[in-house]
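Remarks on the structure that follows.
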Amino acid sequence: MALRVLHLEDDPNDVELVRAALEEDGLPSEVTRVETETDFVAALEKDFFDIILADYKLPSFDGLSALTIAKEKRREIPFICVSGTIGEELAIETLKSGATDYVLKDRLYRIAPAVRRALREAEDRSQRKKAEEDLVKYREHLEELVESRTAELSEMNLHLDKEIRERIRVEREIRVIAENVPALFSCIDKDGVYRFVNKRYEDWFGIPCIEITGKPVKDIIGEPAYEVIKDKAKAVLSGERITFEAAIPYKIGGTRWMYVTYVPDIDSKGNIKGFYSLASDITEKKQFEEELKRSNEDLEQFAYSASHDLKEPLRTVSGFIKLLQKRYKGRLDEKADEYIEYAVDGVSKMQRLIKDLLVYSRVGEDGRTFRPTNCSEVLDRALINLRSAIEEDKAEVTYDPLPTIMANDTQMIRLFQNLVGNSLKFRGSEPPRIHISADRKDGEWLFTVRDNGIGIDPHDADRIFVIFRRLHTAKEYEGTGIGLSICKKIVELHGGRIWVESEPGRGSMFYFIIPVA
Ligand code: ADP
């Protein structure tokens, strides 16, 4: 590529000579010749040049002034004075003022080497400058980087500091909780060794906590107890949370009923490090439950025998009173007729009571066989049993598709029949509207029987499930007060529970839950 030369020279011949000298020496060039200051400045501003050559003396301008302008405007372009003879002083001044070199016109063989050197120096300079700039830039970048990393680091430190403080606090709190729970609390590693036990262990086993920590569970609780919990410990170490009730024969003597929860100890990477164990003694509760169960069974047995044994004499009384009524009605005085009427009424109430009581006492006995039971079919059967009441009341009974569940169908028919029967009995002034539905909610079926009847005061919501409890007199609504206690027994037999939500005058929602399995 041709060398771009700005030549300040009034003599075109000299310009041509210089150009020829350069070309001869392998530096072909493209020369812009200027003579005046205005042209010189204009050229500098408009175009780009590799080198400036300048004569020292011009008619309206001079080399030294040109040099000053060039240094101001284009510092990087090398500047060589090409002139006739100049004095030594002037030559020195020129170089001092920043000219790269000077060449005398009668020694033009020097021009090409001088230009070459000037270009090389300029190139070096520009490279050095670039390198310096790069260095500055790099340093700035580095500083920025250091600054931002430092900020990040100090933020991280702050965070870490907070986290550590938080951890210490949580740990302290956990310790306080662990020490004060009314249960045996411990932390066990995956080899079955105690890592932490609370004070309760000390009271329970009579060994100081520090002596329990570090020992295998088996050694502390004893082999027979260990046999009971072994599989559960294995299960929790596979990551499963476990809760169980078990009679545990301890080394210290005596079998205790314990309610135990095992929670796996999983670190942030998902590794199981061991497990936490929380065990409370429920022996007394268990004994109480057993006793309650036994006394309930006794009571049931008694109710059953009593009602069963009463049936026979009652039938006799009923038979003879009816006979009395048939034979002697109108033959004795009016009072006698009235008394007989009362007796007949009383006997039939008693018969109903005994019938219900028998049903109640038999729920547990008769209802233990569970089969897959289609609740829609069960409900249909209950509604058939209630058909005449439904028709009489002009009731509208609707229901959603109901599930098939593991249940005793006879008991389920009775359950629906009692609930729908009550909705018919405790109707309001409007014709009864009853809707039955079921929703599945985590492992359970939630059944709803909704009516538009007289409703129940929330204060009585629990009481109505107690046997013989009624909110009305027999005159207002007839009944024995056993129906809902039968419902409760049936639902509980199926592992569920029953309750009511209602308000007087706004209808009732009877809910019951039956577990899916
Ligand atoms: P009974 O129907 O023989 O009185 P229950 O045990 O079936 O006995 O019911 C107890 C009481 O609960 C009833 O006397 C009644 O006051 C109230 N009750 C039950 N079902 C309903 C209902 N669907 N609407 C309003 N009250 C009800």
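All residue names refer to the structure tokens as shown: chains lettered A, B, ... in order, residues numbered from 1 in each chain, ligands numbered from 1 in order.
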For ligand 1, list the contacting residues at 6 Å or closer, counting only C-alpha atoms and all ligand atoms, as a compact mmCIF listing (two decimals) with N, CA, C and O atoms, in the first residue's frame.
```txt
# COMPACT_ATOMS: atom_id res chain seq x y z
N ASN A 422 -84.05 -39.48 59.94
CA ASN A 422 -84.06 -38.29 60.80
C ASN A 422 -84.35 -37.02 60.00
O ASN A 422 -85.09 -36.16 60.45
N SER A 423 -83.75 -36.93 58.79
CA SER A 423 -83.99 -35.76 57.96
C SER A 423 -85.47 -35.64 57.61
O SER A 423 -86.00 -34.54 57.48
N PHE A 426 -87.31 -34.78 61.20
CA PHE A 426 -87.10 -33.42 61.70
C PHE A 426 -87.19 -32.41 60.57
O PHE A 426 -86.36 -31.52 60.43
N GLY A 453 -84.16 -29.35 57.06
CA GLY A 453 -85.07 -29.49 58.20
C GLY A 453 -84.91 -28.42 59.25
O GLY A 453 -84.39 -27.33 58.98
N ILE A 454 -85.33 -28.75 60.49
CA ILE A 454 -85.38 -27.74 61.55
C ILE A 454 -84.00 -27.32 62.05
O ILE A 454 -83.86 -26.30 62.70
N GLY A 455 -82.99 -28.13 61.74
CA GLY A 455 -81.63 -27.78 62.16
C GLY A 455 -81.41 -28.06 63.64
O GLY A 455 -82.32 -28.44 64.37
N ILE A 456 -80.15 -27.87 64.07
CA ILE A 456 -79.76 -28.19 65.45
C ILE A 456 -78.90 -27.05 65.97
O ILE A 456 -78.04 -26.52 65.25
N ILE A 464 -76.20 -35.00 70.70
CA ILE A 464 -77.20 -35.83 70.01
C ILE A 464 -76.69 -37.23 69.66
O ILE A 464 -77.48 -38.11 69.36
N PHE A 465 -75.36 -37.41 69.73
CA PHE A 465 -74.83 -38.75 69.41
C PHE A 465 -74.76 -39.65 70.64
O PHE A 465 -74.34 -40.79 70.56
N ARG A 469 -80.11 -39.54 74.28
CA ARG A 469 -80.19 -38.08 74.28
C ARG A 469 -81.15 -37.61 73.19
O ARG A 469 -81.00 -37.98 72.04
N ARG A 470 -82.13 -36.81 73.58
CA ARG A 470 -83.07 -36.26 72.59
C ARG A 470 -83.23 -34.78 72.88
O ARG A 470 -83.03 -34.34 74.00
N LEU A 471 -83.57 -34.03 71.86
CA LEU A 471 -83.74 -32.60 72.07
C LEU A 471 -85.22 -32.24 72.14
O LEU A 471 -85.58 -31.09 72.31
N HIS A 472 -86.06 -33.26 71.97
CA HIS A 472 -87.50 -32.98 71.92
C HIS A 472 -88.26 -33.98 72.76
O HIS A 472 -87.76 -35.06 73.06
N GLY A 479 -89.60 -40.95 69.18
CA GLY A 479 -88.27 -41.53 68.99
C GLY A 479 -87.71 -42.03 70.30
O GLY A 479 -88.28 -41.80 71.36
N THR A 480 -86.57 -42.72 70.21
CA THR A 480 -85.98 -43.33 71.40
C THR A 480 -84.65 -42.67 71.79
O THR A 480 -84.11 -42.95 72.85
N GLY A 481 -84.10 -41.85 70.89
CA GLY A 481 -82.80 -41.25 71.19
C GLY A 481 -81.65 -42.22 71.00
O GLY A 481 -80.56 -42.01 71.52
N ILE A 482 -81.90 -43.29 70.24
CA ILE A 482 -80.85 -44.29 70.04
C ILE A 482 -80.28 -44.23 68.61
O ILE A 482 -79.15 -44.62 68.36
N GLY A 483 -81.10 -43.68 67.69
CA GLY A 483 -80.73 -43.71 66.27
C GLY A 483 -79.33 -43.21 65.96
O GLY A 483 -78.54 -43.91 65.30
N LEU A 484 -78.99 -42.02 66.44
CA LEU A 484 -77.67 -41.46 66.11
C LEU A 484 -76.53 -42.18 66.84
O LEU A 484 -75.41 -42.24 66.33
N SER A 485 -76.83 -42.73 68.03
CA SER A 485 -75.75 -43.49 68.69
C SER A 485 -75.48 -44.79 67.93
O SER A 485 -74.34 -45.26 67.91
N SER A 508 -79.54 -29.26 58.28
CA SER A 508 -78.38 -29.90 58.91
C SER A 508 -77.52 -30.58 57.87
O SER A 508 -78.00 -31.02 56.83
```
Residue contacts of Glu24 in chain A (10 Å, only C-alpha atoms) excluding same-chain residues fewer than 6 positions away, as a PyMOL selection string:
chain A and resi 18+109+112
Which residues are near Ile207 in chain A? Cut-off 12 Å, only C-alpha atoms, ignore same chain within fewer than 3 positions. Put them as JSON, numbers by chain.
{"A": [197, 198, 199, 200, 201, 202, 203, 204, 210, 211, 212, 213, 215, 219, 220, 221, 252]}
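Look at Ala382 in chain A: the protein and nucleic acid residues within 7 Å of it, using only C-alpha atoms and passing over chain neighbours fewer than 3 places away, are A:Val378, A:Leu379, A:Asn385, A:Leu386, A:Ile413, A:Arg414, A:Phe416, A:Gln417.
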Write out, as a CSV table (one decimal), in the first residue's frame, the residues just selected, with C-alpha atoms.
```csv
chain,number,residue,atom,x,y,z
A,378,VAL,CA,-76.8,-49.5,49.9
A,379,LEU,CA,-78.5,-46.1,49.9
A,385,ASN,CA,-87.2,-49.1,53.5
A,386,LEU,CA,-88.2,-45.4,53.9
A,413,ILE,CA,-78.1,-49.6,55.1
A,414,ARG,CA,-79.0,-48.9,58.7
A,416,PHE,CA,-78.2,-44.2,55.8
A,417,GLN,CA,-81.7,-45.2,56.8
```
Every residue of range 279-458 of chain A that DSSP places in alpha helix (DSSP H), as a PyMOL selection string
chain A and resi 283-328+334-366+375-385+387-393+409-425
Mind dumping the selected residues with C-alpha atoms as a compact mmCIF listing (two decimals), in the first residue's frame?
```
# COMPACT_ATOMS: atom_id res chain seq x y z
CA THR A 283 -49.46 -47.51 79.25
CA GLU A 284 -52.02 -45.79 81.46
CA LYS A 285 -54.02 -44.53 78.53
CA LYS A 286 -53.92 -48.02 77.05
CA GLN A 287 -55.08 -49.57 80.31
CA PHE A 288 -57.88 -47.05 80.53
CA GLU A 289 -58.89 -47.78 76.93
CA GLU A 290 -58.83 -51.50 77.61
CA GLU A 291 -60.96 -51.02 80.66
CA LEU A 292 -63.36 -48.80 78.76
CA LYS A 293 -63.58 -51.34 75.99
CA ARG A 294 -64.21 -54.12 78.44
CA SER A 295 -66.85 -52.18 80.33
CA ASN A 296 -68.49 -51.17 77.05
CA GLU A 297 -68.54 -54.77 76.03
CA ASP A 298 -70.03 -55.70 79.40
CA LEU A 299 -72.60 -52.98 79.00
CA GLU A 300 -73.43 -54.13 75.53
CA GLN A 301 -73.69 -57.65 76.73
CA PHE A 302 -75.95 -56.47 79.51
CA ALA A 303 -78.06 -54.35 77.19
CA TYR A 304 -78.31 -57.24 74.83
CA SER A 305 -79.31 -59.75 77.51
CA ALA A 306 -81.65 -57.33 79.20
CA SER A 307 -83.38 -56.31 76.03
CA HIS A 308 -83.42 -59.83 74.76
CA ASP A 309 -84.79 -61.21 78.01
CA LEU A 310 -87.28 -58.37 78.31
CA LYS A 311 -88.70 -59.05 74.88
CA GLU A 312 -90.45 -62.20 75.95
CA PRO A 313 -92.31 -60.93 79.07
CA LEU A 314 -93.04 -57.68 77.25
CA ARG A 315 -94.67 -59.58 74.43
CA THR A 316 -96.84 -61.36 77.03
CA VAL A 317 -97.78 -58.05 78.69
CA SER A 318 -98.49 -56.51 75.31
CA GLY A 319 -100.56 -59.49 74.22
CA PHE A 320 -102.71 -59.48 77.31
CA ILE A 321 -103.18 -55.75 77.40
CA LYS A 322 -104.33 -55.83 73.77
CA LEU A 323 -106.68 -58.66 74.70
CA LEU A 324 -107.93 -56.63 77.63
CA GLN A 325 -108.53 -53.70 75.32
CA LYS A 326 -110.36 -55.83 72.78
CA ARG A 327 -112.55 -57.64 75.24
CA TYR A 328 -113.32 -54.98 77.78
CA GLU A 334 -114.40 -44.56 80.97
CA LYS A 335 -111.37 -44.24 83.23
CA ALA A 336 -110.56 -47.93 82.73
CA ASP A 337 -110.61 -47.43 78.95
CA GLU A 338 -108.24 -44.50 79.32
CA TYR A 339 -105.82 -46.47 81.50
CA ILE A 340 -105.81 -49.36 79.13
CA GLU A 341 -105.03 -46.90 76.31
CA TYR A 342 -102.01 -45.58 78.26
CA ALA A 343 -100.80 -49.09 78.97
CA VAL A 344 -101.00 -50.07 75.29
CA ASP A 345 -99.11 -46.92 74.33
CA GLY A 346 -96.47 -47.46 77.00
CA VAL A 347 -95.93 -51.03 75.99
CA SER A 348 -95.48 -50.22 72.33
CA LYS A 349 -92.94 -47.49 73.22
CA MET A 350 -91.08 -49.95 75.37
CA GLN A 351 -91.07 -52.47 72.56
CA ARG A 352 -89.60 -49.90 70.23
CA LEU A 353 -86.97 -48.97 72.79
CA ILE A 354 -86.00 -52.56 73.33
CA LYS A 355 -85.84 -53.19 69.61
CA ASP A 356 -83.50 -50.20 69.13
CA LEU A 357 -81.42 -51.19 72.12
CA LEU A 358 -81.01 -54.65 70.69
CA VAL A 359 -79.87 -53.19 67.41
CA TYR A 360 -77.43 -50.92 69.23
CA SER A 361 -75.92 -53.73 71.26
CA ARG A 362 -75.61 -55.94 68.20
CA VAL A 363 -73.74 -53.47 65.95
CA GLY A 364 -70.35 -54.66 67.15
CA GLU A 365 -71.37 -58.30 67.09
CA ASP A 366 -73.09 -58.49 63.73
CA CYS A 375 -72.81 -47.32 48.63
CA SER A 376 -75.23 -46.28 45.87
CA GLU A 377 -76.90 -49.70 46.15
CA VAL A 378 -76.85 -49.52 49.93
CA LEU A 379 -78.52 -46.12 49.85
CA ASP A 380 -81.17 -47.41 47.41
CA ARG A 381 -82.04 -50.18 49.85
CA ALA A 382 -82.30 -47.69 52.72
CA LEU A 383 -84.57 -45.47 50.61
CA ILE A 384 -86.81 -48.43 49.74
CA ASN A 385 -87.21 -49.06 53.48
CA ARG A 387 -90.41 -45.30 50.83
CA SER A 388 -93.73 -44.72 52.56
CA ALA A 389 -92.34 -41.89 54.72
CA ILE A 390 -90.74 -40.29 51.65
CA GLU A 391 -94.00 -40.45 49.71
CA GLU A 392 -96.06 -39.22 52.63
CA ASP A 393 -93.80 -36.23 53.15
CA ASP A 409 -73.61 -53.63 53.99
CA THR A 410 -76.32 -54.30 56.62
CA GLN A 411 -74.77 -51.67 58.87
CA MET A 412 -74.36 -49.21 56.03
CA ILE A 413 -78.05 -49.58 55.10
CA ARG A 414 -78.95 -48.88 58.72
CA LEU A 415 -76.62 -45.88 58.82
CA PHE A 416 -78.17 -44.23 55.75
CA GLN A 417 -81.66 -45.21 56.85
CA ASN A 418 -81.23 -43.58 60.26
CA LEU A 419 -79.74 -40.38 58.84
CA VAL A 420 -82.25 -39.98 56.00
CA GLY A 421 -85.04 -41.08 58.38
CA ASN A 422 -84.06 -38.29 60.80
CA SER A 423 -83.99 -35.76 57.96
CA LEU A 424 -87.58 -36.77 57.15
CA LYS A 425 -88.64 -36.77 60.79
```
Taking only range 254-416 of chain A into account, list the residues labelled strand (DSSP E or B) by DSSP (computed from the backbone), as a ChimeraX atom specification.
/A:255-266,272-281,371-374,396-399,404-407
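Of the residues listed (A:Tyr250, A:Asp106, A:Glu132, A:Cys209), A:Tyr250 shows the shortest atom-to-atom separation from Glu223 in chain A; distances use only C-alpha atoms.
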I'd like the neighbourhood of Ser280 in chain A as an MDAnalysis selection string, where a residue qualifies if any of its atoms comes within 9 Å (using only C-alpha atoms), though same-chain residues fewer than 6 positions away should be ignored.
chainID A and resid 182:185 257:260
To one decimal place, how far is CA of Val41 in chain A from CA of Asn13 in chain A in Å?
22.4 Å
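Close contacts of Asn452 in chain A, defined as residues with an atom at most 10 Å away when counting only C-alpha atoms, with chain neighbours fewer than 2 positions off set aside, comprise A:Ser423, A:Leu424, A:Phe426, A:Arg427, A:Gly428, A:Ser429, A:Glu430, A:Pro431, A:Pro432, A:Arg433, A:Ile434, A:His435, A:Arg450, A:Ile454, A:Gly455, A:Gly505, A:Arg506, A:Gly507, A:Ser508, A:Met509.
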Quick one: residues within 10 Å of range 230-244 of chain A, only C-alpha atoms counted, chain neighbours fewer than 5 positions away excluded, as a ChimeraX atom specification?
/A:188-192,218,223,225,258-266,270-279
Could you work out how far CA of Met406 in chain A lies from CA of Thr373 in chain A, giving the answer in Å with one decimal?
5.9 Å
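Considering only C-alpha atoms, the residue among A:Ala438, A:Lys251, A:Leu332, A:Arg33 positioned nearest to Gly206 in chain A is A:Lys251.
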Rounded to one decimal, what separation in Å do you get between CA of Leu27 in chain A and CA of Lys129 in chain A?
25.4 Å
